[in-house]
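Shown next, in C-alpha cells, is the structure this report addresses.
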Amino acid sequence: MADIRYVRTSSVQPELDPIKHFSAHPFPLPTTPYFSEYIHVTLSNGVFVCGHERSVPNYTLKTKARGFYLHFIVSGKGTYNDLPFGENEMFAIHPQARKDTQADANDPWELYWCVWKGDAAIEMQNKFNLETNRVYHLKNAAELKNLFRYMIYTEHRAAKMEKIAKCFSDILASDLLIEEHAEEQEDPRAPLVAEIQTYINRHLPDVTVEKVAKQFAYSRKYLTANVFRKVTGMTLRDYIQNTKLGYAENCLLSTQLPIGEVATRAGYSGYSSFVKAFKQKYGMTPSEFIRKNRV
C-alpha cells in the first residue's frame, strides 16, 4: 500500500479557484510570507512528491536533482540555470542535472512542481521525453493548474494513491506536453537514440555497449561516434555509466538497501569498482553520500 505524507513549510494560504472534488485543506492556515506545501507518496517503484510553492524576492536554490522534476509556473518570473521563465511555462530537470533557480526581485514565482525518485524517475523521464535546460510554453495551463491542485489539496485514500499518481502522470504526459514537444525540429538520429536510452533503462543492471550494439544491429564504433555522441554529446559507455550511477543514487536516497546490494542492482560486479565509480562522479563514497543526503 502506498504511504502518504502531507508536509507544510509555512506560508500564506493560496487563493484557490473552486475545482471539482476539492476537499478541505489538510493544514491550518499559515501566516508567514513564504509558501510551500506538498504531498509525499511512497510507491512500489520509488517515491512521488507533488508540491505548490510561492517564493519570496530573489529566493535562490542551487543543488543537484535527486530525481526527475517538472516545474510549472503559475505566475511571476525567475531563472533556471540562467534561462528565464514566466507564467504558463514548464521545465524539466533530469536526475543528476544541475538545479540552479532564482526568483525575480520584483515578481517572484508561484509554481507547482513534482518529482519522481527511484525506478519511477527513469520511467517518467522516458515517458515525458523532455529536454533539460529548456523552457516549454504550455497552451493548456488552466487544466494543468487544476490537475496539480487535485493531487495536492484533495485528500486521497492511501489504498488508491499509487493509481492516482499514475493517472496524474499519464494525463500530464499525454494531454499537456506532447503537442509542444512535437513541434521541435528533431535530429533524424534522435528516435534511435531514444530507443537506445529506453533499452538501457529497461535492461539494467546487465546492459553493456556490446549488448546495445548487438540489439540494434550496429557496430559499437558507429553507435558511439556517429549516433549517440552526435545527439547526446556523450559516449554510449558514459551514458550507461551515468544511468547506473543515477539508479544507484536514487536507491541510496529512497531505500534502506545495503550499499553492496545497491551496487549489484546498478550493475557493478564488485563493491570496490562501484565505490570508485561513485566517488569519481560525486566526489564522495556511497557511505559519505548517505550520511550527507539521506533524511
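Residues are referred to by chain and number: the chain letter is A, B, ... according to the order shown in the C-alpha cells, the number counts from 1 in that chain, and ligands are numbered separately from 1 in the order shown.
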
Give me the residues near Phe168 (chain A) as a VMD selection string, where near means some atom within 12 Å (using only C-alpha atoms) and where sequence neighbours in that chain fewer than 4 positions away do not count. chain A and resid 48 to 50 114 124 143 to 144 146 to 152 161 to 164 172 to 176

Would you output that residue set with N, CA and C atoms, as an mmCIF file, in the first residue's frame?
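Written out: result.cif:
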```cif
data_model
loop_
_atom_site.group_PDB
_atom_site.id
_atom_site.type_symbol
_atom_site.label_atom_id
_atom_site.label_comp_id
_atom_site.auth_asym_id
_atom_site.auth_seq_id
_atom_site.Cartn_x
_atom_site.Cartn_y
_atom_site.Cartn_z
ATOM 1 N N PHE A 48 7.083 9.536 -5.121
ATOM 2 C CA PHE A 48 6.471 10.630 -5.895
ATOM 3 C C PHE A 48 6.154 11.749 -4.925
ATOM 4 N N VAL A 49 6.573 12.967 -5.276
ATOM 5 C CA VAL A 49 6.291 14.146 -4.457
ATOM 6 C C VAL A 49 5.704 15.222 -5.362
ATOM 7 N N CYS A 50 4.628 15.854 -4.914
ATOM 8 C CA CYS A 50 3.957 16.879 -5.715
ATOM 9 C C CYS A 50 3.678 18.073 -4.809
ATOM 10 N N CYS A 114 6.645 18.657 -9.296
ATOM 11 C CA CYS A 114 6.567 17.254 -8.901
ATOM 12 C C CYS A 114 7.903 16.593 -9.209
ATOM 13 N N MET A 124 9.513 7.916 -15.697
ATOM 14 C CA MET A 124 8.915 9.198 -16.053
ATOM 15 C C MET A 124 9.791 9.992 -17.023
ATOM 16 N N GLU A 143 -5.965 23.804 -17.189
ATOM 17 C CA GLU A 143 -6.179 22.386 -16.886
ATOM 18 C C GLU A 143 -5.035 21.827 -16.050
ATOM 19 N N LEU A 144 -3.837 22.242 -16.378
ATOM 20 C CA LEU A 144 -2.666 21.765 -15.643
ATOM 21 C C LEU A 144 -2.710 22.238 -14.194
ATOM 22 N N ASN A 146 -5.351 22.925 -12.371
ATOM 23 C CA ASN A 146 -6.340 22.140 -11.640
ATOM 24 C C ASN A 146 -5.851 20.719 -11.363
ATOM 25 N N LEU A 147 -5.081 20.157 -12.298
ATOM 26 C CA LEU A 147 -4.547 18.814 -12.121
ATOM 27 C C LEU A 147 -3.601 18.762 -10.919
ATOM 28 N N PHE A 148 -2.716 19.751 -10.817
ATOM 29 C CA PHE A 148 -1.802 19.807 -9.676
ATOM 30 C C PHE A 148 -2.568 20.025 -8.374
ATOM 31 N N ARG A 149 -3.551 20.908 -8.407
ATOM 32 C CA ARG A 149 -4.327 21.177 -7.199
ATOM 33 C C ARG A 149 -5.043 19.921 -6.708
ATOM 34 N N TYR A 150 -5.569 19.159 -7.656
ATOM 35 C CA TYR A 150 -6.251 17.925 -7.273
ATOM 36 C C TYR A 150 -5.300 16.978 -6.547
ATOM 37 N N MET A 151 -4.068 16.884 -7.039
ATOM 38 C CA MET A 151 -3.101 15.992 -6.409
ATOM 39 C C MET A 151 -2.760 16.450 -4.994
ATOM 40 N N ILE A 152 -2.584 17.759 -4.802
ATOM 41 C CA ILE A 152 -2.044 18.263 -3.540
ATOM 42 C C ILE A 152 -3.118 18.520 -2.492
ATOM 43 N N MET A 161 -3.663 5.583 -3.799
ATOM 44 C CA MET A 161 -2.755 6.666 -4.134
ATOM 45 C C MET A 161 -1.840 6.333 -5.298
ATOM 46 N N GLU A 162 -1.374 5.111 -5.395
ATOM 47 C CA GLU A 162 -0.473 4.753 -6.490
ATOM 48 C C GLU A 162 -1.191 4.856 -7.836
ATOM 49 N N LYS A 163 -2.445 4.430 -7.897
ATOM 50 C CA LYS A 163 -3.211 4.543 -9.138
ATOM 51 C C LYS A 163 -3.460 6.009 -9.485
ATOM 52 N N ILE A 164 -3.735 6.819 -8.469
ATOM 53 C CA ILE A 164 -3.971 8.245 -8.700
ATOM 54 C C ILE A 164 -2.715 8.912 -9.234
ATOM 55 N N LEU A 172 -0.825 14.194 -17.583
ATOM 56 C CA LEU A 172 0.155 15.255 -17.769
ATOM 57 C C LEU A 172 0.982 15.028 -19.022
ATOM 58 N N ALA A 173 1.415 13.797 -19.238
ATOM 59 C CA ALA A 173 2.270 13.488 -20.384
ATOM 60 C C ALA A 173 1.508 13.512 -21.697
ATOM 61 N N SER A 174 0.311 12.953 -21.718
ATOM 62 C CA SER A 174 -0.391 12.788 -22.993
ATOM 63 C C SER A 174 -1.165 14.022 -23.429
ATOM 64 N N ASP A 175 -1.768 14.731 -22.493
ATOM 65 C CA ASP A 175 -2.679 15.811 -22.866
ATOM 66 C C ASP A 175 -2.056 17.203 -22.867
ATOM 67 N N LEU A 176 -0.952 17.376 -22.130
ATOM 68 C CA LEU A 176 -0.484 18.737 -21.918
ATOM 69 C C LEU A 176 0.857 19.067 -22.542
#
```

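Neighbours of region 290-292 of chain A closer than or equal to 8 Å, with only C-alpha atoms counted and sequence neighbours fewer than 3 positions away skipped, come out as Leu252, Leu253, Pro286 and Ser287 of chain A.
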
Contact residues around Val41 (chain A) with only C-alpha atoms at 12 Å, ignoring same-chain residues under 2 positions, as a ChimeraX atom specification: /A:1-7,38-39,43-51,114-117,120,151-152,156-166,254

Nearest to Lys127 (chain A), chosen from A:Thr101, A:Gln96, A:Gln197, A:Asn140, with only C-alpha atoms counted in the distances: A:Gln197

Residue list (strand (DSSP E or B), DSSP) for region 33-280 of chain A, as an mmCIF file with C-alpha atoms, in the first residue's frame:
```cif
data_model
loop_
_atom_site.group_PDB
_atom_site.id
_atom_site.type_symbol
_atom_site.label_atom_id
_atom_site.label_comp_id
_atom_site.auth_asym_id
_atom_site.auth_seq_id
_atom_site.Cartn_x
_atom_site.Cartn_y
_atom_site.Cartn_z
ATOM 1 C CA PHE A 35 4.601 29.266 0.993
ATOM 2 C CA SER A 36 5.413 25.609 0.373
ATOM 3 C CA GLU A 37 3.188 22.558 0.737
ATOM 4 C CA TYR A 38 3.497 19.114 -0.787
ATOM 5 C CA ILE A 39 2.275 15.553 -0.713
ATOM 6 C CA HIS A 40 4.925 12.812 -0.383
ATOM 7 C CA VAL A 41 3.939 9.337 -1.611
ATOM 8 C CA THR A 42 5.946 6.131 -1.277
ATOM 9 C CA LEU A 43 5.252 3.964 -4.340
ATOM 10 C CA GLY A 46 10.125 4.683 -5.834
ATOM 11 C CA VAL A 47 8.839 7.972 -4.469
ATOM 12 C CA PHE A 48 6.471 10.630 -5.895
ATOM 13 C CA VAL A 49 6.291 14.146 -4.457
ATOM 14 C CA CYS A 50 3.957 16.879 -5.715
ATOM 15 C CA GLY A 51 4.018 20.418 -4.339
ATOM 16 C CA HIS A 52 2.871 24.051 -4.514
ATOM 17 C CA GLU A 53 5.211 26.944 -3.754
ATOM 18 C CA ARG A 54 5.136 30.734 -3.565
ATOM 19 C CA THR A 60 17.746 31.051 -4.776
ATOM 20 C CA LEU A 61 18.299 27.304 -4.775
ATOM 21 C CA LYS A 62 21.476 25.633 -6.003
ATOM 22 C CA THR A 63 21.640 21.859 -5.815
ATOM 23 C CA LYS A 64 21.692 18.680 -7.901
ATOM 24 C CA PHE A 68 13.110 13.614 -12.363
ATOM 25 C CA TYR A 69 11.468 17.025 -11.784
ATOM 26 C CA LEU A 70 8.773 19.053 -13.538
ATOM 27 C CA HIS A 71 8.148 22.709 -12.610
ATOM 28 C CA PHE A 72 5.020 24.570 -13.790
ATOM 29 C CA ILE A 73 4.973 28.350 -13.264
ATOM 30 C CA VAL A 74 1.558 29.790 -12.378
ATOM 31 C CA SER A 75 2.670 33.421 -12.056
ATOM 32 C CA LYS A 77 9.217 35.117 -13.004
ATOM 33 C CA GLY A 78 12.626 33.615 -12.358
ATOM 34 C CA THR A 79 15.555 31.807 -13.940
ATOM 35 C CA TYR A 80 16.558 28.157 -14.179
ATOM 36 C CA LEU A 83 17.229 30.527 -18.578
ATOM 37 C CA PRO A 84 14.358 32.984 -17.926
ATOM 38 C CA PHE A 85 10.906 31.527 -17.250
ATOM 39 C CA GLU A 89 5.744 27.778 -18.697
ATOM 40 C CA MET A 90 7.248 24.462 -17.631
ATOM 41 C CA PHE A 91 10.719 22.995 -17.455
ATOM 42 C CA ALA A 92 12.088 19.535 -16.679
ATOM 43 C CA ILE A 93 15.149 18.656 -14.618
ATOM 44 C CA ARG A 98 22.318 20.992 -12.050
ATOM 45 C CA LYS A 99 19.336 22.736 -10.445
ATOM 46 C CA ASP A 100 20.084 26.458 -10.125
ATOM 47 C CA THR A 101 16.918 28.557 -9.724
ATOM 48 C CA GLN A 102 16.414 32.168 -8.692
ATOM 49 C CA ALA A 103 13.182 34.117 -8.181
ATOM 50 C CA PRO A 108 8.812 36.158 -7.654
ATOM 51 C CA GLU A 110 4.314 30.881 -7.759
ATOM 52 C CA LEU A 111 4.668 27.357 -9.117
ATOM 53 C CA TYR A 112 3.618 23.733 -8.897
ATOM 54 C CA TRP A 113 6.242 21.007 -9.060
ATOM 55 C CA CYS A 114 6.567 17.254 -8.901
ATOM 56 C CA VAL A 115 9.431 14.800 -8.680
ATOM 57 C CA TRP A 116 9.762 11.044 -9.117
ATOM 58 C CA LYS A 117 12.627 9.158 -7.446
ATOM 59 C CA THR A 132 16.697 19.665 -19.680
ATOM 60 C CA VAL A 135 11.601 26.069 -21.049
ATOM 61 C CA TYR A 136 8.312 24.910 -22.613
ATOM 62 C CA HIS A 137 5.347 27.261 -23.043
#
```

Of the residues A:Leu223, A:Val231, A:Ile122, A:Cys251, which is the one nearest to Asn201 (chain A), using only C-alpha atoms? A:Ile122
